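Take a look at the structure set out below.
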Amino acid sequence: MNEQNNLFKAMVALGIFFAIGMSAAAFILGVQGKRAMSGQQSITVKGLAEKPIKADSAEWELSVSVTQPTQAEALEKLAVERKVVEEFLLVQGFEAKNWSVDVETLNPHFDEEFIKDTPRQVQHGFDAYQTIRVVTKDLNKVTNANKALLQLRAENHPVAARAPSYLVSDLENIKMSLIAAATKNARSRATEFVKQDGVKVGVMKSASQGAFYILPVSGDAGDDSYGGVYDKSTIDKTARVVVTIVYSIE
C-alpha cells in the first residue's frame with residue numbers, strides 16, 4: 001500500500017513538474033513570438049492627392065493637301081493654298097512667329113480602276129502635302145481659330161486640322177507637391193486604420209509612387225491607365241498622384 005502511495009505521489013510530482021515546464025516554455029515562446037511579431041508588424045496604405053490645374057500653352061496642327069496632274073503643278077497649287085492658311089492665321093490674331101511650316105511632301109496619286117472586272121491601282125497625277133504647326137500661350141485664339149476653320153473648309157480650301165492640344169508646363173513641380181500631399185494623406189489613413197487597436201503608426205519602411213494623372217475636370221483615370229494619363233483636350237484639368245507606403249506598427 002505504501003508503495004502504491006509513493007508511486008502515486010511520484011506521478012503527481014512528475015505531472016506538476018511537466019506542467020510547470022510546459023507553462024514556462026509557453027511563456028518564453030509567447031514572449032519571443034510577441035517580440036518577433038512586433039518586429040514584423042506593418043501596415044500598407046495608399047495615399048491620394050489631387051488639385052486643379054490649368055493649361056498654359058497650346059499646340060495646333062493644320063495640314064494642306066492638293067492633287068494635280070504634275071509635280072510642278074502640285075507644288076504650285078500647294079503654295080497657293082498654304083498662303084490662304086497663313087492669311088487665315090493672321091486674321092485670327094496669330095503672328096508669323098507663332099507657327100512653323102514643314103517641308104513639302106510629294107507622292108504619286110493612285111485611283112482604283114477596274115480593268116476587265118479586276119481592281120487595279122492606277123496613277124493619276126501627284127499628291128502634295130504640307131503641315132503647319134501653331135504654338136502659342138493664347139489659348140482663346142487657338143480655340144476660336146479651330147472653330148473658324150470650318151468656314152475655310154466650306155469655301156473648298158483643302159485644309160484639315162487636328163484638335164488643339166492644351167498643355168501644362170512645370171509638370172515636375174506639380175508632381176512633387178502632390179507626392180508630399182499624398183504622403184501626408186497616407187499617414188492619416190494608416191493612423192485611422194490602427195487607432196482602434198491601441199497601437200501607433202511608426203516610421204516609413206518603404207514608399208512607391210503610382211501613376212501620375214492629368215485628367216479632365218471630373219474625369220476618370222480608367223482601368224487601363226497603369227502608366228498614367230495626360231489629357232490634352234481640355235484647358236481646365238485635375239492633377240492626381242497615388243502613392244503606396246508601408247509603415248511599421250509600434
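In the C-alpha cells, each chain is lettered A, B, ... as it comes, each chain's residues begin at 1, and ligands are numbered from 1 in order of appearance.
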So that each row is one residue of stretch 175-209 of chain A with an atom at most 9 Å from stretch 237-243 of chain A, can you give its shortest atom pair and the distance in Å to one decimal, using only C-alpha atoms, rows by chain and rising number, as JSON lines?
```
{"residue": "A:Lys175", "atom": "CA", "partner": "A:Val241", "partner_atom": "CA", "distance": 7.2}
{"residue": "A:Leu178", "atom": "CA", "partner": "A:Val241", "partner_atom": "CA", "distance": 6.1}
{"residue": "A:Ile179", "atom": "CA", "partner": "A:Val241", "partner_atom": "CA", "distance": 6.5}
{"residue": "A:Ala182", "atom": "CA", "partner": "A:Val243", "partner_atom": "CA", "distance": 6.4}
{"residue": "A:Thr183", "atom": "CA", "partner": "A:Val243", "partner_atom": "CA", "distance": 6.8}
{"residue": "A:Ala186", "atom": "CA", "partner": "A:Val243", "partner_atom": "CA", "distance": 7.7}
{"residue": "A:Ala207", "atom": "CA", "partner": "A:Val243", "partner_atom": "CA", "distance": 7.1}
{"residue": "A:Ser208", "atom": "CA", "partner": "A:Val243", "partner_atom": "CA", "distance": 5.7}
{"residue": "A:Gln209", "atom": "CA", "partner": "A:Val243", "partner_atom": "CA", "distance": 4.4}
```
For A:Arg120, work out the shell of residues within 10 Å, counting only C-alpha atoms and skipping chain neighbours fewer than 5 positions away, then give it as a list in words.
->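 So, after excluding close chain neighbours, the residues are Phe110, Asp111, Glu112, Glu113, Phe114 and Ile115 of chain A.
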Output file for the selection above: all heavy atoms, as a CSV table (one decimal), in the first residue's frame:
```
chain,number,residue,atom,x,y,z
A,110,PHE,N,-2.8,57.7,-106.6
A,110,PHE,CA,-3.4,56.5,-107.2
A,110,PHE,C,-4.9,56.5,-107.0
A,110,PHE,O,-5.4,56.8,-106.0
A,110,PHE,CB,-2.8,55.2,-106.6
A,110,PHE,CG,-1.3,55.0,-107.0
A,110,PHE,CD1,-0.3,55.4,-106.1
A,110,PHE,CD2,-1.0,54.4,-108.2
A,110,PHE,CE1,1.0,55.3,-106.4
A,110,PHE,CE2,0.4,54.2,-108.5
A,110,PHE,CZ,1.4,54.6,-107.6
A,111,ASP,N,-5.6,56.0,-108.1
A,111,ASP,CA,-7.0,55.8,-108.0
A,111,ASP,C,-7.2,54.3,-108.4
A,111,ASP,O,-6.5,53.7,-109.1
A,111,ASP,CB,-7.8,56.6,-109.0
A,111,ASP,CG,-7.8,58.1,-108.6
A,111,ASP,OD1,-7.9,58.4,-107.4
A,111,ASP,OD2,-7.6,59.0,-109.5
A,112,GLU,N,-8.3,53.7,-107.8
A,112,GLU,CA,-8.6,52.4,-108.1
A,112,GLU,C,-9.5,52.3,-109.3
A,112,GLU,O,-10.6,53.0,-109.4
A,112,GLU,CB,-9.3,51.7,-106.9
A,112,GLU,CG,-9.6,50.2,-107.1
A,112,GLU,CD,-10.2,49.6,-105.9
A,112,GLU,OE1,-11.5,49.7,-105.7
A,112,GLU,OE2,-9.5,49.0,-105.1
A,113,GLU,N,-9.1,51.6,-110.3
A,113,GLU,CA,-9.9,51.4,-111.5
A,113,GLU,C,-10.1,49.9,-111.8
A,113,GLU,O,-9.2,49.1,-111.4
A,113,GLU,CB,-9.2,52.0,-112.7
A,113,GLU,CG,-9.1,53.6,-112.6
A,113,GLU,CD,-8.5,54.2,-113.9
A,113,GLU,OE1,-8.1,53.4,-114.8
A,113,GLU,OE2,-8.4,55.4,-113.9
A,114,PHE,N,-11.2,49.6,-112.4
A,114,PHE,CA,-11.5,48.2,-112.8
A,114,PHE,C,-11.1,47.9,-114.2
A,114,PHE,O,-11.6,48.6,-115.1
A,114,PHE,CB,-13.0,47.9,-112.5
A,114,PHE,CG,-13.3,47.7,-111.1
A,114,PHE,CD1,-13.6,48.8,-110.3
A,114,PHE,CD2,-13.3,46.4,-110.5
A,114,PHE,CE1,-13.9,48.6,-108.9
A,114,PHE,CE2,-13.6,46.2,-109.2
A,114,PHE,CZ,-13.9,47.3,-108.4
A,115,ILE,N,-10.2,47.0,-114.4
A,115,ILE,CA,-9.8,46.6,-115.8
A,115,ILE,C,-10.2,45.2,-116.0
A,115,ILE,O,-9.7,44.3,-115.3
A,115,ILE,CB,-8.3,46.8,-115.9
A,115,ILE,CG1,-7.9,48.3,-115.7
A,115,ILE,CG2,-7.9,46.4,-117.3
A,115,ILE,CD1,-6.4,48.5,-115.8
```
Which of A:Thr244, A:Ser233, A:Ser188, A:Ser165 sits closest to A:Ala211 [using only C-alpha atoms] | A:Thr244
With only C-alpha atoms as the basis for distance, which of A:Thr67, A:Val85, A:Gly93, A:Ser42 is at the shortest distance from A:Leu106?
->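 Of all the options, A:Thr67 lies closest to A:Leu106.
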If you run DSSP on the backbone, which residues of stretch 4-250 of chain A are strand (DSSP E or B), as a short mmCIF file (atom, residue, chain, number, x, y, z; two decimals) with N, CA, C and O atoms, in the first residue's frame?
```cif
data_model
loop_
_atom_site.label_atom_id
_atom_site.label_comp_id
_atom_site.auth_asym_id
_atom_site.auth_seq_id
_atom_site.Cartn_x
_atom_site.Cartn_y
_atom_site.Cartn_z
N SER A 42 3.42 45.60 -39.77
CA SER A 42 3.43 46.79 -40.61
C SER A 42 2.06 46.96 -41.23
O SER A 42 1.21 46.06 -41.16
N ILE A 43 1.85 48.10 -41.82
CA ILE A 43 0.59 48.38 -42.50
C ILE A 43 0.91 49.06 -43.83
O ILE A 43 1.80 49.91 -43.90
N THR A 44 0.22 48.64 -44.85
CA THR A 44 0.41 49.19 -46.19
C THR A 44 -0.82 50.00 -46.58
O THR A 44 -1.94 49.47 -46.52
N VAL A 45 -0.62 51.23 -46.95
CA VAL A 45 -1.75 52.10 -47.31
C VAL A 45 -1.41 52.86 -48.59
O VAL A 45 -0.26 53.04 -48.96
N LYS A 46 -2.45 53.33 -49.23
CA LYS A 46 -2.30 54.20 -50.39
C LYS A 46 -2.70 55.62 -50.00
O LYS A 46 -3.68 55.82 -49.29
N GLY A 47 -1.93 56.58 -50.49
CA GLY A 47 -2.25 57.99 -50.26
C GLY A 47 -2.61 58.65 -51.58
O GLY A 47 -2.01 58.37 -52.62
N LEU A 48 -3.60 59.52 -51.53
CA LEU A 48 -4.09 60.19 -52.74
C LEU A 48 -4.03 61.70 -52.55
O LEU A 48 -4.33 62.22 -51.48
N ALA A 49 -3.61 62.39 -53.61
CA ALA A 49 -3.63 63.85 -53.60
C ALA A 49 -3.97 64.33 -55.01
O ALA A 49 -3.53 63.75 -55.99
N GLU A 50 -4.76 65.38 -55.10
CA GLU A 50 -5.09 65.96 -56.38
C GLU A 50 -5.38 67.45 -56.22
O GLU A 50 -5.70 67.92 -55.12
N LYS A 51 -5.24 68.17 -57.32
CA LYS A 51 -5.54 69.60 -57.29
C LYS A 51 -5.87 70.08 -58.70
O LYS A 51 -5.43 69.49 -59.70
N PRO A 52 -6.65 71.14 -58.79
CA PRO A 52 -6.99 71.67 -60.12
C PRO A 52 -5.80 72.41 -60.72
O PRO A 52 -5.06 73.11 -60.03
N ILE A 53 -5.59 72.24 -62.01
CA ILE A 53 -4.55 72.95 -62.74
C ILE A 53 -5.15 73.43 -64.06
O ILE A 53 -6.24 73.02 -64.46
N LYS A 54 -4.41 74.31 -64.74
CA LYS A 54 -4.91 74.88 -65.98
C LYS A 54 -3.80 74.86 -67.03
O LYS A 54 -2.63 75.13 -66.72
N SER A 57 -0.38 76.54 -72.38
CA SER A 57 0.10 76.65 -73.76
C SER A 57 -0.72 75.71 -74.63
O SER A 57 -1.39 74.79 -74.13
N ALA A 58 -0.66 75.95 -75.94
CA ALA A 58 -1.43 75.12 -76.87
C ALA A 58 -0.61 74.84 -78.12
O ALA A 58 0.19 75.67 -78.56
N GLU A 59 -0.83 73.65 -78.68
CA GLU A 59 -0.25 73.29 -79.96
C GLU A 59 -1.39 72.88 -80.89
O GLU A 59 -2.31 72.17 -80.48
N TRP A 60 -1.29 73.36 -82.13
CA TRP A 60 -2.37 73.10 -83.10
C TRP A 60 -1.73 72.78 -84.44
O TRP A 60 -0.89 73.53 -84.93
N GLU A 61 -2.12 71.67 -85.00
CA GLU A 61 -1.51 71.21 -86.25
C GLU A 61 -2.53 71.25 -87.39
O GLU A 61 -3.60 70.65 -87.31
N LEU A 62 -2.19 71.98 -88.46
CA LEU A 62 -3.02 72.06 -89.66
C LEU A 62 -2.27 71.44 -90.82
O LEU A 62 -1.04 71.48 -90.87
N SER A 63 -3.00 70.88 -91.75
CA SER A 63 -2.37 70.28 -92.92
C SER A 63 -3.11 70.70 -94.19
O SER A 63 -4.33 70.84 -94.20
N VAL A 64 -2.32 70.90 -95.25
CA VAL A 64 -2.86 71.27 -96.56
C VAL A 64 -2.48 70.16 -97.53
O VAL A 64 -1.33 69.70 -97.53
N SER A 65 -3.41 69.72 -98.34
CA SER A 65 -3.12 68.66 -99.31
C SER A 65 -3.84 68.95 -100.62
O SER A 65 -5.01 69.33 -100.62
N VAL A 66 -3.13 68.77 -101.73
CA VAL A 66 -3.71 69.01 -103.06
C VAL A 66 -3.29 67.88 -103.99
O VAL A 66 -2.31 67.17 -103.73
N THR A 67 -4.04 67.73 -105.08
CA THR A 67 -3.72 66.75 -106.11
C THR A 67 -3.75 67.45 -107.47
O THR A 67 -4.74 68.11 -107.80
N GLN A 68 -2.66 67.28 -108.23
CA GLN A 68 -2.53 67.92 -109.54
C GLN A 68 -1.88 66.93 -110.52
O GLN A 68 -1.24 65.97 -110.10
N TRP A 99 3.94 80.14 -85.75
CA TRP A 99 3.81 78.88 -86.46
C TRP A 99 5.07 78.53 -87.24
O TRP A 99 5.90 79.39 -87.54
N SER A 100 5.20 77.25 -87.52
CA SER A 100 6.30 76.74 -88.34
C SER A 100 5.70 75.88 -89.44
O SER A 100 4.62 75.29 -89.28
N VAL A 101 6.43 75.80 -90.57
CA VAL A 101 5.93 75.06 -91.73
C VAL A 101 6.89 73.95 -92.09
O VAL A 101 8.10 74.18 -92.23
N THR A 105 5.78 67.60 -99.14
CA THR A 105 5.92 66.18 -99.44
C THR A 105 5.16 65.87 -100.72
O THR A 105 4.00 66.30 -100.88
N LEU A 106 5.80 65.15 -101.64
CA LEU A 106 5.19 64.76 -102.91
C LEU A 106 5.09 63.24 -103.01
O LEU A 106 6.06 62.53 -102.72
N ASN A 107 3.93 62.75 -103.41
CA ASN A 107 3.73 61.31 -103.62
C ASN A 107 2.86 61.10 -104.85
O ASN A 107 2.00 61.94 -105.18
N PRO A 108 3.06 60.00 -105.55
CA PRO A 108 2.15 59.69 -106.67
C PRO A 108 0.72 59.52 -106.15
O PRO A 108 0.51 59.01 -105.05
N HIS A 109 -0.23 59.95 -106.94
CA HIS A 109 -1.65 59.79 -106.56
C HIS A 109 -2.22 58.61 -107.33
O HIS A 109 -2.12 58.54 -108.56
N PHE A 110 -2.82 57.67 -106.61
CA PHE A 110 -3.38 56.48 -107.23
C PHE A 110 -4.89 56.45 -107.03
O PHE A 110 -5.41 56.81 -105.97
N ASP A 111 -5.57 56.02 -108.08
CA ASP A 111 -7.00 55.76 -108.02
C ASP A 111 -7.24 54.29 -108.36
O ASP A 111 -6.48 53.69 -109.14
N GLU A 112 -8.27 53.75 -107.78
CA GLU A 112 -8.61 52.36 -108.09
C GLU A 112 -9.51 52.32 -109.32
O GLU A 112 -10.55 52.98 -109.36
N GLU A 113 -9.11 51.57 -110.30
CA GLU A 113 -9.90 51.39 -111.52
C GLU A 113 -10.08 49.90 -111.79
O GLU A 113 -9.22 49.08 -111.45
N PHE A 114 -11.21 49.59 -112.43
CA PHE A 114 -11.49 48.19 -112.76
C PHE A 114 -11.12 47.95 -114.22
O PHE A 114 -11.63 48.62 -115.13
N ILE A 115 -10.24 47.03 -114.42
CA ILE A 115 -9.82 46.64 -115.77
C ILE A 115 -10.23 45.18 -115.97
O ILE A 115 -9.69 44.28 -115.31
N THR A 118 -11.30 43.57 -112.85
CA THR A 118 -10.25 43.38 -111.84
C THR A 118 -9.79 44.74 -111.34
O THR A 118 -9.37 45.60 -112.13
N PRO A 119 -9.90 45.00 -110.00
CA PRO A 119 -9.47 46.32 -109.48
C PRO A 119 -7.96 46.47 -109.51
O PRO A 119 -7.22 45.56 -109.14
N ARG A 120 -7.53 47.64 -109.99
CA ARG A 120 -6.10 47.93 -110.02
C ARG A 120 -5.87 49.38 -109.61
O ARG A 120 -6.75 50.23 -109.78
N GLN A 121 -4.68 49.63 -109.04
CA GLN A 121 -4.28 50.98 -108.66
C GLN A 121 -3.58 51.63 -109.85
O GLN A 121 -2.55 51.14 -110.33
N VAL A 122 -4.15 52.74 -110.33
CA VAL A 122 -3.62 53.44 -111.49
C VAL A 122 -3.23 54.85 -111.07
O VAL A 122 -4.00 55.55 -110.42
N GLN A 123 -2.02 55.26 -111.41
CA GLN A 123 -1.56 56.60 -111.04
C GLN A 123 -2.21 57.67 -111.89
O GLN A 123 -2.23 57.59 -113.12
N HIS A 124 -2.74 58.68 -111.20
CA HIS A 124 -3.30 59.86 -111.85
C HIS A 124 -2.74 61.09 -111.16
O HIS A 124 -3.32 61.58 -110.18
N GLY A 125 -1.63 61.58 -111.58
CA GLY A 125 -1.06 62.80 -111.01
C GLY A 125 -0.29 62.58 -109.73
O GLY A 125 0.15 61.46 -109.41
N PHE A 126 -0.20 63.68 -108.96
CA PHE A 126 0.62 63.67 -107.74
C PHE A 126 -0.11 64.38 -106.59
O PHE A 126 -0.86 65.34 -106.81
N ASP A 127 0.13 63.86 -105.38
CA ASP A 127 -0.37 64.49 -104.15
C ASP A 127 0.75 65.30 -103.51
O ASP A 127 1.89 64.83 -103.41
N ALA A 128 0.43 66.49 -103.06
CA ALA A 128 1.40 67.32 -102.34
C ALA A 128 0.81 67.66 -100.97
O ALA A 128 -0.37 68.02 -100.86
N TYR A 129 1.64 67.52 -99.94
CA TYR A 129 1.20 67.75 -98.56
C TYR A 129 2.13 68.75 -97.88
O TYR A 129 3.32 68.84 -98.20
N GLN A 130 1.58 69.44 -96.90
CA GLN A 130 2.40 70.30 -96.05
C GLN A 130 1.68 70.53 -94.73
O GLN A 130 0.46 70.66 -94.69
N THR A 131 2.48 70.57 -93.65
CA THR A 131 1.91 70.73 -92.31
C THR A 131 2.36 72.05 -91.71
O THR A 131 3.52 72.44 -91.83
N ILE A 132 1.42 72.72 -91.04
CA ILE A 132 1.69 73.98 -90.33
C ILE A 132 1.40 73.73 -88.86
O ILE A 132 0.30 73.29 -88.50
N ARG A 133 2.37 74.03 -88.00
CA ARG A 133 2.22 73.81 -86.56
C ARG A 133 2.20 75.14 -85.83
O ARG A 133 3.14 75.93 -85.94
N VAL A 134 1.14 75.36 -85.09
CA VAL A 134 0.96 76.59 -84.32
C VAL A 134 1.26 76.30 -82.85
O VAL A 134 0.74 75.32 -82.30
N VAL A 135 2.07 77.15 -82.24
CA VAL A 135 2.38 77.03 -80.82
C VAL A 135 2.17 78.41 -80.18
O VAL A 135 2.74 79.41 -80.65
N THR A 136 1.36 78.47 -79.15
CA THR A 136 1.05 79.76 -78.53
C THR A 136 0.61 79.57 -77.09
O THR A 136 0.22 78.47 -76.68
N VAL A 159 -7.85 72.14 -96.49
CA VAL A 159 -7.12 72.24 -95.23
C VAL A 159 -7.86 71.41 -94.17
O VAL A 159 -9.10 71.38 -94.14
N ALA A 160 -7.09 70.75 -93.34
CA ALA A 160 -7.64 69.98 -92.22
C ALA A 160 -6.84 70.31 -90.98
O ALA A 160 -5.72 70.82 -91.06
N ALA A 161 -7.39 70.01 -89.81
CA ALA A 161 -6.68 70.32 -88.56
C ALA A 161 -7.02 69.28 -87.50
O ALA A 161 -8.15 68.77 -87.45
N SER A 165 -4.05 70.74 -78.81
CA SER A 165 -3.53 70.11 -77.60
C SER A 165 -3.24 71.20 -76.58
O SER A 165 -2.43 72.09 -76.84
N TYR A 166 -3.92 71.14 -75.43
CA TYR A 166 -3.73 72.12 -74.36
C TYR A 166 -2.79 71.52 -73.32
O TYR A 166 -3.09 70.51 -72.69
N LEU A 167 -1.63 72.15 -73.16
CA LEU A 167 -0.54 71.57 -72.38
C LEU A 167 -0.28 72.35 -71.09
O LEU A 167 -0.62 73.53 -70.98
N VAL A 201 1.26 54.26 -35.49
CA VAL A 201 1.97 54.16 -36.77
C VAL A 201 3.40 54.63 -36.55
O VAL A 201 3.65 55.72 -36.03
N GLY A 202 4.36 53.79 -36.96
CA GLY A 202 5.76 54.13 -36.76
C GLY A 202 6.40 54.75 -37.98
O GLY A 202 5.77 55.51 -38.72
N VAL A 203 7.63 54.39 -38.20
CA VAL A 203 8.41 55.00 -39.29
C VAL A 203 8.01 54.39 -40.62
O VAL A 203 7.46 53.30 -40.70
N MET A 204 8.30 55.14 -41.68
CA MET A 204 8.04 54.66 -43.03
C MET A 204 9.09 53.61 -43.40
O MET A 204 10.28 53.86 -43.29
N LYS A 205 8.64 52.43 -43.83
CA LYS A 205 9.56 51.37 -44.20
C LYS A 205 9.86 51.35 -45.69
O LYS A 205 10.96 51.02 -46.11
N SER A 206 8.88 51.70 -46.50
CA SER A 206 9.08 51.78 -47.95
C SER A 206 7.98 52.63 -48.55
O SER A 206 6.92 52.80 -47.96
N ALA A 207 8.26 53.16 -49.72
CA ALA A 207 7.27 54.00 -50.41
C ALA A 207 7.49 53.88 -51.91
O ALA A 207 8.61 53.71 -52.39
N SER A 208 6.41 53.95 -52.65
CA SER A 208 6.49 53.92 -54.11
C SER A 208 5.40 54.82 -54.68
O SER A 208 4.30 54.92 -54.13
N GLN A 209 5.75 55.47 -55.78
CA GLN A 209 4.78 56.34 -56.44
C GLN A 209 4.05 55.56 -57.52
O GLN A 209 4.64 54.82 -58.29
N GLY A 210 2.76 55.74 -57.55
CA GLY A 210 1.95 55.14 -58.61
C GLY A 210 1.93 56.05 -59.83
O GLY A 210 2.82 56.87 -60.04
N ALA A 211 0.91 55.91 -60.64
CA ALA A 211 0.80 56.70 -61.86
C ALA A 211 0.51 58.16 -61.55
O ALA A 211 -0.04 58.50 -60.50
N PHE A 212 0.91 59.02 -62.47
CA PHE A 212 0.68 60.46 -62.38
C PHE A 212 -0.37 60.81 -63.44
O PHE A 212 -0.18 60.55 -64.63
N TYR A 213 -1.49 61.37 -62.98
CA TYR A 213 -2.61 61.62 -63.87
C TYR A 213 -2.82 63.12 -64.10
O TYR A 213 -2.80 63.91 -63.16
N ILE A 214 -3.04 63.47 -65.37
CA ILE A 214 -3.56 64.79 -65.73
C ILE A 214 -4.89 64.52 -66.41
O ILE A 214 -4.94 64.05 -67.55
N LEU A 215 -5.98 64.82 -65.71
CA LEU A 215 -7.30 64.42 -66.16
C LEU A 215 -8.18 65.63 -66.46
O LEU A 215 -7.96 66.71 -65.91
N PRO A 216 -9.21 65.43 -67.29
CA PRO A 216 -10.22 66.49 -67.41
C PRO A 216 -10.91 66.68 -66.07
O PRO A 216 -10.90 65.76 -65.23
N VAL A 229 -2.02 59.07 -67.18
CA VAL A 229 -2.87 59.68 -68.20
C VAL A 229 -2.50 61.14 -68.33
O VAL A 229 -2.25 61.81 -67.32
N TYR A 230 -2.44 61.65 -69.55
CA TYR A 230 -2.19 63.06 -69.78
C TYR A 230 -3.25 63.58 -70.74
O TYR A 230 -3.12 63.43 -71.96
N ASP A 236 -9.00 73.28 -68.54
CA ASP A 236 -9.08 73.04 -67.09
C ASP A 236 -8.92 71.55 -66.83
O ASP A 236 -9.61 70.72 -67.42
N LYS A 237 -8.01 71.22 -65.92
CA LYS A 237 -7.67 69.82 -65.68
C LYS A 237 -7.55 69.55 -64.17
O LYS A 237 -7.57 70.48 -63.36
N THR A 238 -7.38 68.28 -63.84
CA THR A 238 -7.10 67.86 -62.46
C THR A 238 -5.83 67.01 -62.47
O THR A 238 -5.73 66.06 -63.24
N ALA A 239 -4.87 67.38 -61.63
CA ALA A 239 -3.65 66.60 -61.47
C ALA A 239 -3.82 65.67 -60.27
O ALA A 239 -4.31 66.10 -59.21
N ARG A 240 -3.41 64.42 -60.43
CA ARG A 240 -3.62 63.43 -59.36
C ARG A 240 -2.40 62.50 -59.25
O ARG A 240 -1.84 62.09 -60.26
N VAL A 241 -2.03 62.19 -58.00
CA VAL A 241 -0.93 61.26 -57.73
C VAL A 241 -1.40 60.28 -56.66
O VAL A 241 -2.07 60.66 -55.70
N VAL A 242 -1.01 59.02 -56.82
CA VAL A 242 -1.27 57.99 -55.82
C VAL A 242 0.07 57.40 -55.39
O VAL A 242 0.92 57.11 -56.23
N VAL A 243 0.28 57.27 -54.07
CA VAL A 243 1.50 56.65 -53.55
C VAL A 243 1.11 55.46 -52.69
O VAL A 243 0.02 55.42 -52.10
N THR A 244 2.01 54.48 -52.60
CA THR A 244 1.82 53.32 -51.73
C THR A 244 2.95 53.31 -50.71
O THR A 244 4.12 53.32 -51.09
N ILE A 245 2.58 53.31 -49.42
CA ILE A 245 3.57 53.43 -48.35
C ILE A 245 3.36 52.33 -47.32
O ILE A 245 2.22 52.01 -46.96
N VAL A 246 4.48 51.74 -46.85
CA VAL A 246 4.46 50.75 -45.79
C VAL A 246 5.02 51.38 -44.53
O VAL A 246 6.14 51.89 -44.53
N TYR A 247 4.24 51.38 -43.44
CA TYR A 247 4.66 51.92 -42.14
C TYR A 247 4.82 50.77 -41.15
O TYR A 247 4.09 49.77 -41.20
N SER A 248 5.75 50.93 -40.25
CA SER A 248 5.87 50.00 -39.12
C SER A 248 4.78 50.30 -38.10
O SER A 248 4.25 51.41 -38.06
N ILE A 249 4.45 49.30 -37.29
CA ILE A 249 3.43 49.45 -36.25
C ILE A 249 4.13 49.32 -34.89
O ILE A 249 4.86 48.37 -34.64
#
```
